[in-house]
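Student: Sharing data24.txt (compact mmCIF, N, CA and C atoms) below.
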```txt
# COMPACT_ATOMS: atom_id res chain seq x y z
N MET A 13 16.23 -11.37 -37.24
CA MET A 13 17.07 -10.25 -36.88
C MET A 13 16.78 -9.08 -37.82
N SER A 14 16.71 -7.90 -37.25
CA SER A 14 16.40 -6.71 -38.02
C SER A 14 17.62 -6.23 -38.80
N THR A 15 17.37 -5.64 -39.96
CA THR A 15 18.45 -5.05 -40.74
C THR A 15 18.45 -3.53 -40.62
N ARG A 16 17.59 -2.99 -39.77
CA ARG A 16 17.55 -1.55 -39.56
C ARG A 16 18.85 -1.08 -38.93
N THR A 17 19.28 0.12 -39.29
CA THR A 17 20.51 0.67 -38.72
C THR A 17 20.21 1.64 -37.58
N THR A 18 18.95 1.88 -37.30
CA THR A 18 18.56 2.74 -36.19
C THR A 18 17.49 2.04 -35.36
N ALA A 19 17.32 2.51 -34.15
CA ALA A 19 16.23 2.04 -33.30
C ALA A 19 14.97 2.82 -33.66
N SER A 20 13.82 2.34 -33.24
CA SER A 20 12.57 3.07 -33.42
C SER A 20 11.83 3.13 -32.10
N VAL A 21 10.97 4.16 -31.95
CA VAL A 21 10.30 4.43 -30.68
C VAL A 21 8.82 4.70 -30.92
N SER A 22 8.00 4.15 -30.02
CA SER A 22 6.57 4.48 -29.99
C SER A 22 6.14 4.56 -28.54
N THR A 23 5.00 5.16 -28.29
CA THR A 23 4.51 5.30 -26.92
C THR A 23 3.00 5.40 -26.90
N HIS A 24 2.43 5.17 -25.74
CA HIS A 24 1.03 5.48 -25.50
C HIS A 24 0.88 5.82 -24.02
N ILE A 25 -0.23 6.49 -23.69
CA ILE A 25 -0.48 6.91 -22.31
C ILE A 25 -1.83 6.41 -21.86
N LEU A 26 -1.86 5.82 -20.68
CA LEU A 26 -3.11 5.42 -20.04
C LEU A 26 -3.27 6.24 -18.77
N ASP A 27 -4.38 6.94 -18.67
CA ASP A 27 -4.71 7.69 -17.46
C ASP A 27 -5.33 6.70 -16.48
N THR A 28 -4.54 6.25 -15.51
CA THR A 28 -5.03 5.23 -14.59
C THR A 28 -6.05 5.78 -13.60
N SER A 29 -6.11 7.10 -13.43
CA SER A 29 -7.11 7.68 -12.54
C SER A 29 -8.49 7.65 -13.18
N ALA A 30 -8.53 7.64 -14.50
CA ALA A 30 -9.81 7.61 -15.21
C ALA A 30 -10.08 6.25 -15.85
N GLY A 31 -9.04 5.42 -15.94
CA GLY A 31 -9.20 4.12 -16.57
C GLY A 31 -9.39 4.19 -18.07
N ARG A 32 -8.77 5.20 -18.71
CA ARG A 32 -8.90 5.34 -20.16
C ARG A 32 -7.65 6.01 -20.74
N PRO A 33 -7.50 5.93 -22.06
CA PRO A 33 -6.34 6.56 -22.71
C PRO A 33 -6.33 8.07 -22.49
N ALA A 34 -5.15 8.64 -22.48
CA ALA A 34 -4.98 10.08 -22.35
C ALA A 34 -4.71 10.67 -23.72
N GLY A 35 -5.71 11.33 -24.28
CA GLY A 35 -5.57 11.94 -25.60
C GLY A 35 -5.11 13.38 -25.51
N SER A 36 -4.56 13.86 -26.59
CA SER A 36 -4.12 15.26 -26.76
C SER A 36 -2.99 15.66 -25.81
N VAL A 37 -2.11 14.72 -25.48
CA VAL A 37 -0.92 15.04 -24.68
C VAL A 37 0.25 15.24 -25.65
N THR A 38 0.91 16.37 -25.54
CA THR A 38 2.07 16.66 -26.37
C THR A 38 3.27 15.84 -25.90
N VAL A 39 3.96 15.23 -26.86
CA VAL A 39 5.13 14.41 -26.58
C VAL A 39 6.28 14.91 -27.46
N HIS A 40 7.42 15.21 -26.84
CA HIS A 40 8.60 15.62 -27.59
C HIS A 40 9.65 14.52 -27.50
N LEU A 41 10.40 14.37 -28.58
CA LEU A 41 11.42 13.33 -28.69
C LEU A 41 12.79 13.98 -28.89
N ALA A 42 13.77 13.49 -28.13
CA ALA A 42 15.15 13.95 -28.28
C ALA A 42 16.05 12.72 -28.28
N ALA A 43 17.22 12.85 -28.87
CA ALA A 43 18.15 11.72 -28.95
C ALA A 43 19.58 12.24 -28.82
N ARG A 44 20.45 11.32 -28.45
CA ARG A 44 21.88 11.64 -28.43
C ARG A 44 22.67 10.39 -28.77
N GLY A 45 23.87 10.58 -29.25
CA GLY A 45 24.73 9.47 -29.65
C GLY A 45 25.85 9.26 -28.65
N GLY A 46 25.51 8.87 -27.43
CA GLY A 46 26.50 8.66 -26.37
C GLY A 46 26.14 9.44 -25.14
N ARG A 47 26.53 8.93 -23.97
CA ARG A 47 26.09 9.56 -22.73
C ARG A 47 26.65 10.96 -22.51
N ASP A 48 27.75 11.30 -23.16
CA ASP A 48 28.33 12.63 -23.01
C ASP A 48 27.94 13.59 -24.14
N ALA A 49 27.20 13.10 -25.11
CA ALA A 49 26.80 13.92 -26.25
C ALA A 49 25.63 14.84 -25.86
N ALA A 50 25.48 15.91 -26.60
CA ALA A 50 24.36 16.84 -26.37
C ALA A 50 23.06 16.24 -26.91
N TRP A 51 21.96 16.57 -26.27
CA TRP A 51 20.65 16.13 -26.74
C TRP A 51 20.28 16.88 -28.01
N GLN A 52 19.71 16.18 -28.96
CA GLN A 52 19.22 16.78 -30.21
C GLN A 52 17.71 16.65 -30.21
N ALA A 53 17.01 17.78 -30.22
CA ALA A 53 15.55 17.75 -30.30
C ALA A 53 15.16 17.29 -31.70
N LEU A 54 14.28 16.29 -31.77
CA LEU A 54 13.88 15.73 -33.06
C LEU A 54 12.47 16.14 -33.47
N GLY A 55 11.72 16.71 -32.57
CA GLY A 55 10.35 17.09 -32.87
C GLY A 55 9.40 16.37 -31.95
N GLY A 56 8.15 16.38 -32.30
CA GLY A 56 7.18 15.76 -31.42
C GLY A 56 5.86 15.51 -32.10
N SER A 57 4.91 15.18 -31.29
CA SER A 57 3.58 14.84 -31.75
C SER A 57 2.64 14.98 -30.57
N ALA A 58 1.44 14.46 -30.71
CA ALA A 58 0.47 14.43 -29.61
C ALA A 58 -0.26 13.10 -29.66
N THR A 59 -0.69 12.65 -28.49
CA THR A 59 -1.43 11.40 -28.44
C THR A 59 -2.80 11.57 -29.07
N ASP A 60 -3.28 10.49 -29.70
CA ASP A 60 -4.61 10.51 -30.30
C ASP A 60 -5.65 10.10 -29.26
N ALA A 61 -6.89 9.91 -29.68
CA ALA A 61 -7.97 9.57 -28.76
C ALA A 61 -7.74 8.22 -28.08
N ASP A 62 -6.91 7.37 -28.68
CA ASP A 62 -6.58 6.07 -28.10
C ASP A 62 -5.32 6.17 -27.23
N GLY A 63 -4.81 7.38 -27.00
CA GLY A 63 -3.63 7.59 -26.17
C GLY A 63 -2.32 7.26 -26.85
N ARG A 64 -2.37 6.98 -28.16
CA ARG A 64 -1.17 6.56 -28.88
C ARG A 64 -0.55 7.74 -29.65
N CYS A 65 0.75 7.72 -29.68
CA CYS A 65 1.53 8.72 -30.42
C CYS A 65 2.15 7.97 -31.58
N LYS A 66 1.50 8.01 -32.73
CA LYS A 66 1.86 7.14 -33.85
C LYS A 66 2.87 7.75 -34.83
N ASP A 67 3.15 9.03 -34.71
CA ASP A 67 3.98 9.67 -35.73
C ASP A 67 5.19 10.40 -35.15
N LEU A 68 5.87 9.74 -34.21
CA LEU A 68 7.10 10.33 -33.69
C LEU A 68 8.17 10.31 -34.78
N PRO A 69 9.07 11.29 -34.77
CA PRO A 69 10.13 11.33 -35.78
C PRO A 69 11.06 10.11 -35.69
N ASP A 70 11.71 9.80 -36.79
CA ASP A 70 12.69 8.72 -36.81
C ASP A 70 13.93 9.14 -36.02
N LEU A 71 14.60 8.16 -35.46
CA LEU A 71 15.85 8.43 -34.74
C LEU A 71 17.00 8.49 -35.74
N PRO A 72 17.94 9.39 -35.52
CA PRO A 72 19.11 9.43 -36.41
C PRO A 72 20.04 8.24 -36.17
N GLU A 73 20.78 7.90 -37.18
CA GLU A 73 21.77 6.83 -37.05
C GLU A 73 22.77 7.20 -35.95
N GLY A 74 23.17 6.23 -35.17
CA GLY A 74 24.12 6.47 -34.08
C GLY A 74 23.47 6.81 -32.76
N THR A 75 22.14 6.83 -32.70
CA THR A 75 21.44 7.13 -31.45
C THR A 75 21.69 6.03 -30.43
N THR A 76 22.06 6.43 -29.22
CA THR A 76 22.26 5.48 -28.13
C THR A 76 21.33 5.75 -26.95
N HIS A 77 20.84 6.99 -26.84
CA HIS A 77 19.94 7.38 -25.76
C HIS A 77 18.78 8.19 -26.33
N VAL A 78 17.61 7.95 -25.76
CA VAL A 78 16.39 8.64 -26.21
C VAL A 78 15.70 9.24 -25.00
N ARG A 79 15.10 10.40 -25.20
CA ARG A 79 14.29 11.02 -24.15
C ARG A 79 12.93 11.37 -24.70
N LEU A 80 11.88 10.93 -24.01
CA LEU A 80 10.51 11.32 -24.31
C LEU A 80 10.07 12.29 -23.23
N ASP A 81 9.58 13.45 -23.64
CA ASP A 81 9.05 14.45 -22.70
C ASP A 81 7.55 14.55 -22.92
N PHE A 82 6.80 14.22 -21.89
CA PHE A 82 5.34 14.24 -21.93
C PHE A 82 4.85 15.49 -21.19
N ALA A 83 4.12 16.37 -21.87
CA ALA A 83 3.58 17.59 -21.25
C ALA A 83 2.17 17.26 -20.72
N VAL A 84 2.10 16.80 -19.47
CA VAL A 84 0.84 16.27 -18.93
C VAL A 84 0.00 17.29 -18.17
N GLU A 85 0.57 18.42 -17.79
CA GLU A 85 -0.18 19.39 -16.98
C GLU A 85 -1.45 19.87 -17.68
N ALA A 86 -1.35 20.25 -18.95
CA ALA A 86 -2.53 20.73 -19.69
C ALA A 86 -3.60 19.65 -19.78
N TYR A 87 -3.16 18.40 -19.97
CA TYR A 87 -4.12 17.29 -20.02
C TYR A 87 -4.90 17.19 -18.71
N PHE A 88 -4.22 17.25 -17.57
CA PHE A 88 -4.90 17.12 -16.29
C PHE A 88 -5.75 18.34 -15.96
N GLU A 89 -5.34 19.53 -16.41
CA GLU A 89 -6.19 20.70 -16.21
C GLU A 89 -7.51 20.54 -16.94
N LYS A 90 -7.48 20.07 -18.19
CA LYS A 90 -8.71 19.82 -18.95
C LYS A 90 -9.51 18.70 -18.30
N SER A 91 -8.82 17.65 -17.86
CA SER A 91 -9.49 16.50 -17.25
C SER A 91 -10.19 16.91 -15.95
N ALA A 92 -9.54 17.73 -15.11
CA ALA A 92 -10.14 18.18 -13.86
C ALA A 92 -11.36 19.04 -14.12
N LYS A 93 -11.28 19.87 -15.14
CA LYS A 93 -12.42 20.74 -15.48
C LYS A 93 -13.61 19.89 -15.95
N ARG A 94 -13.35 18.89 -16.81
CA ARG A 94 -14.43 18.00 -17.27
C ARG A 94 -15.05 17.25 -16.10
N GLN A 95 -14.20 16.76 -15.19
CA GLN A 95 -14.70 16.01 -14.04
C GLN A 95 -15.54 16.90 -13.13
N ALA A 96 -15.08 18.13 -12.89
CA ALA A 96 -15.83 19.06 -12.04
C ALA A 96 -17.17 19.41 -12.66
N GLU A 97 -17.20 19.57 -13.98
CA GLU A 97 -18.47 19.86 -14.65
C GLU A 97 -19.42 18.67 -14.60
N ALA A 98 -18.86 17.46 -14.71
CA ALA A 98 -19.69 16.26 -14.66
C ALA A 98 -20.21 16.00 -13.25
N GLN A 99 -19.43 16.35 -12.24
CA GLN A 99 -19.80 16.15 -10.84
C GLN A 99 -19.77 17.51 -10.17
N GLN A 100 -20.79 18.29 -10.37
CA GLN A 100 -20.79 19.69 -9.97
C GLN A 100 -20.44 19.94 -8.51
N ASP A 101 -20.75 19.01 -7.63
CA ASP A 101 -20.46 19.21 -6.21
C ASP A 101 -19.11 18.66 -5.78
N ALA A 102 -18.40 17.98 -6.69
CA ALA A 102 -17.12 17.37 -6.34
C ALA A 102 -15.99 18.37 -6.54
N PRO A 103 -14.99 18.38 -5.66
CA PRO A 103 -13.85 19.28 -5.87
C PRO A 103 -13.04 18.84 -7.09
N ALA A 104 -12.48 19.81 -7.78
CA ALA A 104 -11.68 19.50 -8.97
C ALA A 104 -10.33 18.92 -8.59
N ASN A 105 -9.84 19.22 -7.40
CA ASN A 105 -8.53 18.73 -6.96
C ASN A 105 -8.69 17.86 -5.72
N ARG A 106 -7.73 16.98 -5.51
CA ARG A 106 -7.75 16.08 -4.37
C ARG A 106 -7.62 16.85 -3.06
N ASP A 107 -6.83 17.91 -3.05
CA ASP A 107 -6.65 18.72 -1.86
C ASP A 107 -6.46 20.17 -2.29
N SER A 108 -5.96 21.01 -1.41
CA SER A 108 -5.81 22.42 -1.77
C SER A 108 -4.57 22.71 -2.58
N GLY A 109 -3.77 21.68 -2.90
CA GLY A 109 -2.56 21.84 -3.70
C GLY A 109 -2.87 21.88 -5.17
N PRO A 110 -1.82 21.82 -5.98
CA PRO A 110 -2.02 21.84 -7.43
C PRO A 110 -2.77 20.60 -7.90
N GLY A 111 -3.44 20.71 -9.04
CA GLY A 111 -4.21 19.59 -9.58
C GLY A 111 -3.35 18.47 -10.12
N VAL A 112 -2.09 18.75 -10.35
CA VAL A 112 -1.17 17.73 -10.85
C VAL A 112 0.19 17.95 -10.18
N PHE A 113 0.76 16.91 -9.64
CA PHE A 113 2.04 17.02 -8.94
C PHE A 113 3.20 17.05 -9.92
N PHE A 114 3.12 16.25 -10.99
CA PHE A 114 4.16 16.21 -12.01
C PHE A 114 3.64 16.89 -13.27
N PRO A 115 4.00 18.15 -13.53
CA PRO A 115 3.48 18.85 -14.70
C PRO A 115 4.03 18.31 -16.02
N GLU A 116 5.18 17.65 -15.94
CA GLU A 116 5.74 17.00 -17.12
C GLU A 116 6.48 15.75 -16.67
N VAL A 117 6.59 14.82 -17.59
CA VAL A 117 7.29 13.57 -17.30
C VAL A 117 8.36 13.39 -18.37
N ALA A 118 9.60 13.21 -17.95
CA ALA A 118 10.70 12.96 -18.87
C ALA A 118 11.21 11.54 -18.64
N VAL A 119 11.24 10.77 -19.71
CA VAL A 119 11.68 9.38 -19.63
C VAL A 119 12.89 9.23 -20.55
N THR A 120 14.02 8.81 -19.98
CA THR A 120 15.25 8.63 -20.73
C THR A 120 15.62 7.16 -20.71
N PHE A 121 16.01 6.62 -21.87
CA PHE A 121 16.35 5.20 -21.94
C PHE A 121 17.40 4.98 -23.02
N ALA A 122 18.11 3.86 -22.89
CA ALA A 122 19.16 3.48 -23.84
C ALA A 122 18.56 2.61 -24.94
N VAL A 123 19.10 2.75 -26.15
CA VAL A 123 18.62 1.97 -27.29
C VAL A 123 19.80 1.38 -28.05
N VAL A 124 19.50 0.33 -28.83
CA VAL A 124 20.49 -0.24 -29.73
C VAL A 124 19.87 -0.29 -31.13
N PRO A 125 20.69 -0.18 -32.18
CA PRO A 125 20.18 -0.20 -33.54
C PRO A 125 19.39 -1.47 -33.83
N GLY A 126 18.34 -1.31 -34.62
CA GLY A 126 17.54 -2.44 -35.06
C GLY A 126 16.42 -2.84 -34.12
N GLU A 127 16.42 -2.31 -32.90
CA GLU A 127 15.38 -2.66 -31.93
C GLU A 127 14.25 -1.63 -31.96
N HIS A 128 13.04 -2.10 -31.65
CA HIS A 128 11.91 -1.19 -31.47
C HIS A 128 11.64 -1.06 -29.98
N TYR A 129 11.39 0.16 -29.54
CA TYR A 129 11.12 0.44 -28.13
C TYR A 129 9.75 1.08 -28.01
N HIS A 130 8.83 0.35 -27.39
CA HIS A 130 7.52 0.90 -27.08
C HIS A 130 7.53 1.22 -25.59
N VAL A 131 7.28 2.48 -25.25
CA VAL A 131 7.40 2.95 -23.87
C VAL A 131 6.06 3.50 -23.40
N PRO A 132 5.21 2.66 -22.79
CA PRO A 132 3.93 3.13 -22.28
C PRO A 132 4.12 3.95 -21.00
N LEU A 133 3.28 4.97 -20.84
CA LEU A 133 3.25 5.79 -19.64
C LEU A 133 1.92 5.56 -18.95
N LEU A 134 1.96 5.06 -17.72
CA LEU A 134 0.77 4.90 -16.89
C LEU A 134 0.75 6.11 -15.97
N LEU A 135 -0.32 6.88 -16.03
CA LEU A 135 -0.31 8.23 -15.48
C LEU A 135 -1.51 8.49 -14.59
N ASN A 136 -1.29 9.23 -13.50
CA ASN A 136 -2.37 9.81 -12.71
C ASN A 136 -1.86 11.15 -12.18
N PRO A 137 -2.71 11.98 -11.61
CA PRO A 137 -2.25 13.33 -11.23
C PRO A 137 -1.11 13.36 -10.21
N PHE A 138 -0.90 12.28 -9.47
CA PHE A 138 0.09 12.31 -8.40
C PHE A 138 1.16 11.24 -8.53
N GLY A 139 1.25 10.61 -9.70
CA GLY A 139 2.28 9.60 -9.90
C GLY A 139 2.25 9.05 -11.32
N TYR A 140 3.28 8.31 -11.66
CA TYR A 140 3.34 7.70 -12.97
C TYR A 140 4.30 6.50 -12.92
N SER A 141 4.19 5.65 -13.92
CA SER A 141 5.18 4.57 -14.10
C SER A 141 5.33 4.34 -15.59
N VAL A 142 6.47 3.81 -15.96
CA VAL A 142 6.78 3.50 -17.35
C VAL A 142 7.44 2.12 -17.39
N TYR A 143 7.40 1.53 -18.57
CA TYR A 143 8.05 0.25 -18.76
C TYR A 143 8.32 0.05 -20.24
N ARG A 144 9.17 -0.91 -20.57
CA ARG A 144 9.38 -1.25 -21.97
C ARG A 144 8.30 -2.23 -22.36
N GLY A 145 7.44 -1.78 -23.23
CA GLY A 145 6.35 -2.63 -23.72
C GLY A 145 6.78 -3.41 -24.94
N SER A 146 5.76 -3.94 -25.62
CA SER A 146 6.06 -4.72 -26.82
C SER A 146 5.36 -4.12 -28.03
```
Re-express the file's structure as structure tokens.

Tutor:
Amino acid sequence: MSTRTTASVSTHILDTSAGRPAGSVTVHLAARGGRDAAWQALGGSATDADGRCKDLPDLPEGTTHVRLDFAVEAYFEKSAKRQAEAQQDAPANRDSGPGVFFPEVAVTFAVVPGEHYHVPLLLNPFGYSVYRGS
């Protein structure tokens, strides 16, 4: 049993459309102490080349809810440009719409003190999924 008085959070992103980690994605962390409390922005970080965000801020004591905001639009814009350059005759987008349907992903979850929460994001330009990892 943990003796920590706060929960801790980590995350990583896998770009399932490319089959590799999504690096350089900005991630912001916010917390609140109860469902009716205001969100407190705690800061953020960016994923490394392995898609991991290793230096998210600590959660304050009394945190009951956490929100991770992933800014994925810039990542997909860079990814589409690299793909178009690598495949000069291939279109950068799947259709005539935007290159990414979800420009940002917000994941909100409940936490309890002493627990660690690893929240992986599986991402592609037109969908995503999340789960509680280990």

Student: Have a look at CA of Gly145 (chain A) and atom C of Tyr87 (chain A) and let me know their distance in Å, one decimal.

Tutor: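 Atom C of Tyr87 (chain A) lies at a distance of 23.3 Å from CA of Gly145 (chain A).
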
Student: Mind pulling up the distance from CA of Gly74 (chain A) to CA of Tyr143 (chain A)?

Tutor: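 About the pair CA of Tyr143 (chain A) and CA of Gly74 (chain A): they are 23.1 Å apart.
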
Student: Show me the residues close to (8.9, 9.4, -34.0) - anything with an atom within 8 Å, counting only N, CA and C atoms - and format the list as a list of chain:residue names.

Tutor: A:Ser20, A:Val21, A:Ser22, A:Leu41, A:Leu54, A:Gly55, A:Gly56, A:Ser57, A:Cys65, A:Lys66, A:Asp67, A:Leu68, A:Pro69, A:Asp70, A:Leu71

Student: Please compute the atom N of Ala50 (chain A)-CA of Val119 (chain A) distance, one decimal, in Å.

Tutor: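 Calculated distance between atom N of Ala50 (chain A) and CA of Val119 (chain A) is 16.8 Å.
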
Student: Please determine, counting all atoms listed in the file, which residue among A:Gly45, A:Thr59, A:Asp81, A:Phe113 has the shortest atom-to-atom distance to Phe138 (chain A).

Tutor: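 Closest candidate: A:Phe113.
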
Student: Kindly extract all protein, DNA and RNA residues lying within 7 Å of the coordinates (-7.3, 9.6, -8.8) given in the file, considering all atoms listed in the file, and supply them as a CSV table (one decimal) with N, CA and C atoms, in the coordinates of the input.

Tutor:
```csv
chain,number,residue,atom,x,y,z
A,28,THR,N,-4.5,6.2,-15.5
A,28,THR,CA,-5.0,5.2,-14.6
A,28,THR,C,-6.0,5.8,-13.6
A,29,SER,N,-6.1,7.1,-13.4
A,29,SER,CA,-7.1,7.7,-12.5
A,29,SER,C,-8.5,7.6,-13.2
A,30,ALA,N,-8.5,7.6,-14.5
A,30,ALA,CA,-9.8,7.6,-15.2
A,30,ALA,C,-10.1,6.2,-15.8
A,136,ASN,N,-1.3,9.2,-13.5
A,136,ASN,CA,-2.4,9.8,-12.7
A,136,ASN,C,-1.9,11.2,-12.2
A,137,PRO,N,-2.7,12.0,-11.6
A,137,PRO,CA,-2.2,13.3,-11.2
A,137,PRO,C,-1.1,13.4,-10.2
A,138,PHE,N,-0.9,12.3,-9.5
A,138,PHE,CA,0.1,12.3,-8.4
A,138,PHE,C,1.2,11.2,-8.5
```

Student: Could you go through chain A and tell me which residues DSSP, when run on the backbone, assigns to strand (DSSP E or B), listing them as a PyMOL selection string?

Tutor: chain A and resi 20-27+32-33+38-44+52-58+64-65+77-83+116-122+128-136+139-142+145

Student: Please produce a file of the residues just selected, as a short mmCIF file (atom, residue, chain, number, x, y, z; two decimals), in the coordinates of the input, where the atoms kept are N, CA and C atoms.

Tutor:
```
data_model
loop_
_atom_site.label_atom_id
_atom_site.label_comp_id
_atom_site.auth_asym_id
_atom_site.auth_seq_id
_atom_site.Cartn_x
_atom_site.Cartn_y
_atom_site.Cartn_z
N SER A 20 13.82 2.34 -33.24
CA SER A 20 12.57 3.07 -33.42
C SER A 20 11.83 3.13 -32.10
N VAL A 21 10.97 4.16 -31.95
CA VAL A 21 10.30 4.43 -30.68
C VAL A 21 8.82 4.70 -30.92
N SER A 22 8.00 4.15 -30.02
CA SER A 22 6.57 4.48 -29.99
C SER A 22 6.14 4.56 -28.54
N THR A 23 5.00 5.16 -28.29
CA THR A 23 4.51 5.30 -26.92
C THR A 23 3.00 5.40 -26.90
N HIS A 24 2.43 5.17 -25.74
CA HIS A 24 1.03 5.48 -25.50
C HIS A 24 0.88 5.82 -24.02
N ILE A 25 -0.23 6.49 -23.69
CA ILE A 25 -0.48 6.91 -22.31
C ILE A 25 -1.83 6.41 -21.86
N LEU A 26 -1.86 5.82 -20.68
CA LEU A 26 -3.11 5.42 -20.04
C LEU A 26 -3.27 6.24 -18.77
N ASP A 27 -4.38 6.94 -18.67
CA ASP A 27 -4.71 7.69 -17.46
C ASP A 27 -5.33 6.70 -16.48
N ARG A 32 -8.77 5.20 -18.71
CA ARG A 32 -8.90 5.34 -20.16
C ARG A 32 -7.65 6.01 -20.74
N PRO A 33 -7.50 5.93 -22.06
CA PRO A 33 -6.34 6.56 -22.71
C PRO A 33 -6.33 8.07 -22.49
N THR A 38 0.91 16.37 -25.54
CA THR A 38 2.07 16.66 -26.37
C THR A 38 3.27 15.84 -25.90
N VAL A 39 3.96 15.23 -26.86
CA VAL A 39 5.13 14.41 -26.58
C VAL A 39 6.28 14.91 -27.46
N HIS A 40 7.42 15.21 -26.84
CA HIS A 40 8.60 15.62 -27.59
C HIS A 40 9.65 14.52 -27.50
N LEU A 41 10.40 14.37 -28.58
CA LEU A 41 11.42 13.33 -28.69
C LEU A 41 12.79 13.98 -28.89
N ALA A 42 13.77 13.49 -28.13
CA ALA A 42 15.15 13.95 -28.28
C ALA A 42 16.05 12.72 -28.28
N ALA A 43 17.22 12.85 -28.87
CA ALA A 43 18.15 11.72 -28.95
C ALA A 43 19.58 12.24 -28.82
N ARG A 44 20.45 11.32 -28.45
CA ARG A 44 21.88 11.64 -28.43
C ARG A 44 22.67 10.39 -28.77
N GLN A 52 19.71 16.18 -28.96
CA GLN A 52 19.22 16.78 -30.21
C GLN A 52 17.71 16.65 -30.21
N ALA A 53 17.01 17.78 -30.22
CA ALA A 53 15.55 17.75 -30.30
C ALA A 53 15.16 17.29 -31.70
N LEU A 54 14.28 16.29 -31.77
CA LEU A 54 13.88 15.73 -33.06
C LEU A 54 12.47 16.14 -33.47
N GLY A 55 11.72 16.71 -32.57
CA GLY A 55 10.35 17.09 -32.87
C GLY A 55 9.40 16.37 -31.95
N GLY A 56 8.15 16.38 -32.30
CA GLY A 56 7.18 15.76 -31.42
C GLY A 56 5.86 15.51 -32.10
N SER A 57 4.91 15.18 -31.29
CA SER A 57 3.58 14.84 -31.75
C SER A 57 2.64 14.98 -30.57
N ALA A 58 1.44 14.46 -30.71
CA ALA A 58 0.47 14.43 -29.61
C ALA A 58 -0.26 13.10 -29.66
N ARG A 64 -2.37 6.98 -28.16
CA ARG A 64 -1.17 6.56 -28.88
C ARG A 64 -0.55 7.74 -29.65
N CYS A 65 0.75 7.72 -29.68
CA CYS A 65 1.53 8.72 -30.42
C CYS A 65 2.15 7.97 -31.58
N HIS A 77 20.84 6.99 -26.84
CA HIS A 77 19.94 7.38 -25.76
C HIS A 77 18.78 8.19 -26.33
N VAL A 78 17.61 7.95 -25.76
CA VAL A 78 16.39 8.64 -26.21
C VAL A 78 15.70 9.24 -25.00
N ARG A 79 15.10 10.40 -25.20
CA ARG A 79 14.29 11.02 -24.15
C ARG A 79 12.93 11.37 -24.70
N LEU A 80 11.88 10.93 -24.01
CA LEU A 80 10.51 11.32 -24.31
C LEU A 80 10.07 12.29 -23.23
N ASP A 81 9.58 13.45 -23.64
CA ASP A 81 9.05 14.45 -22.70
C ASP A 81 7.55 14.55 -22.92
N PHE A 82 6.80 14.22 -21.89
CA PHE A 82 5.34 14.24 -21.93
C PHE A 82 4.85 15.49 -21.19
N ALA A 83 4.12 16.37 -21.87
CA ALA A 83 3.58 17.59 -21.25
C ALA A 83 2.17 17.26 -20.72
N GLU A 116 5.18 17.65 -15.94
CA GLU A 116 5.74 17.00 -17.12
C GLU A 116 6.48 15.75 -16.67
N VAL A 117 6.59 14.82 -17.59
CA VAL A 117 7.29 13.57 -17.30
C VAL A 117 8.36 13.39 -18.37
N ALA A 118 9.60 13.21 -17.95
CA ALA A 118 10.70 12.96 -18.87
C ALA A 118 11.21 11.54 -18.64
N VAL A 119 11.24 10.77 -19.71
CA VAL A 119 11.68 9.38 -19.63
C VAL A 119 12.89 9.23 -20.55
N THR A 120 14.02 8.81 -19.98
CA THR A 120 15.25 8.63 -20.73
C THR A 120 15.62 7.16 -20.71
N PHE A 121 16.01 6.62 -21.87
CA PHE A 121 16.35 5.20 -21.94
C PHE A 121 17.40 4.98 -23.02
N ALA A 122 18.11 3.86 -22.89
CA ALA A 122 19.16 3.48 -23.84
C ALA A 122 18.56 2.61 -24.94
N HIS A 128 13.04 -2.10 -31.65
CA HIS A 128 11.91 -1.19 -31.47
C HIS A 128 11.64 -1.06 -29.98
N TYR A 129 11.39 0.16 -29.54
CA TYR A 129 11.12 0.44 -28.13
C TYR A 129 9.75 1.08 -28.01
N HIS A 130 8.83 0.35 -27.39
CA HIS A 130 7.52 0.90 -27.08
C HIS A 130 7.53 1.22 -25.59
N VAL A 131 7.28 2.48 -25.25
CA VAL A 131 7.40 2.95 -23.87
C VAL A 131 6.06 3.50 -23.40
N PRO A 132 5.21 2.66 -22.79
CA PRO A 132 3.93 3.13 -22.28
C PRO A 132 4.12 3.95 -21.00
N LEU A 133 3.28 4.97 -20.84
CA LEU A 133 3.25 5.79 -19.64
C LEU A 133 1.92 5.56 -18.95
N LEU A 134 1.96 5.06 -17.72
CA LEU A 134 0.77 4.90 -16.89
C LEU A 134 0.75 6.11 -15.97
N LEU A 135 -0.32 6.88 -16.03
CA LEU A 135 -0.31 8.23 -15.48
C LEU A 135 -1.51 8.49 -14.59
N ASN A 136 -1.29 9.23 -13.50
CA ASN A 136 -2.37 9.81 -12.71
C ASN A 136 -1.86 11.15 -12.18
N GLY A 139 1.25 10.61 -9.70
CA GLY A 139 2.28 9.60 -9.90
C GLY A 139 2.25 9.05 -11.32
N TYR A 140 3.28 8.31 -11.66
CA TYR A 140 3.34 7.70 -12.97
C TYR A 140 4.30 6.50 -12.92
N SER A 141 4.19 5.65 -13.92
CA SER A 141 5.18 4.57 -14.10
C SER A 141 5.33 4.34 -15.59
N VAL A 142 6.47 3.81 -15.96
CA VAL A 142 6.78 3.50 -17.35
C VAL A 142 7.44 2.12 -17.39
N GLY A 145 7.44 -1.78 -23.23
CA GLY A 145 6.35 -2.63 -23.72
C GLY A 145 6.78 -3.41 -24.94
#
```

Student: For each of A:Val39, A:Ala19, A:Val117, A:Val84, take the minimum atom-to-atom distance to Pro72 (chain A), counting only N, CA and C atoms, then give the residue where this is smallest.

Tutor: A:Ala19

Student: If we count only C-alpha atoms and set the cut-off at 10 Å, which residues sit around Ala83 (chain A), ignoring sequence neighbours fewer than 4 positions away in its own chain? Please answer as a ChimeraX atom specification.

Tutor: /A:36-40,58,87-88,114-118
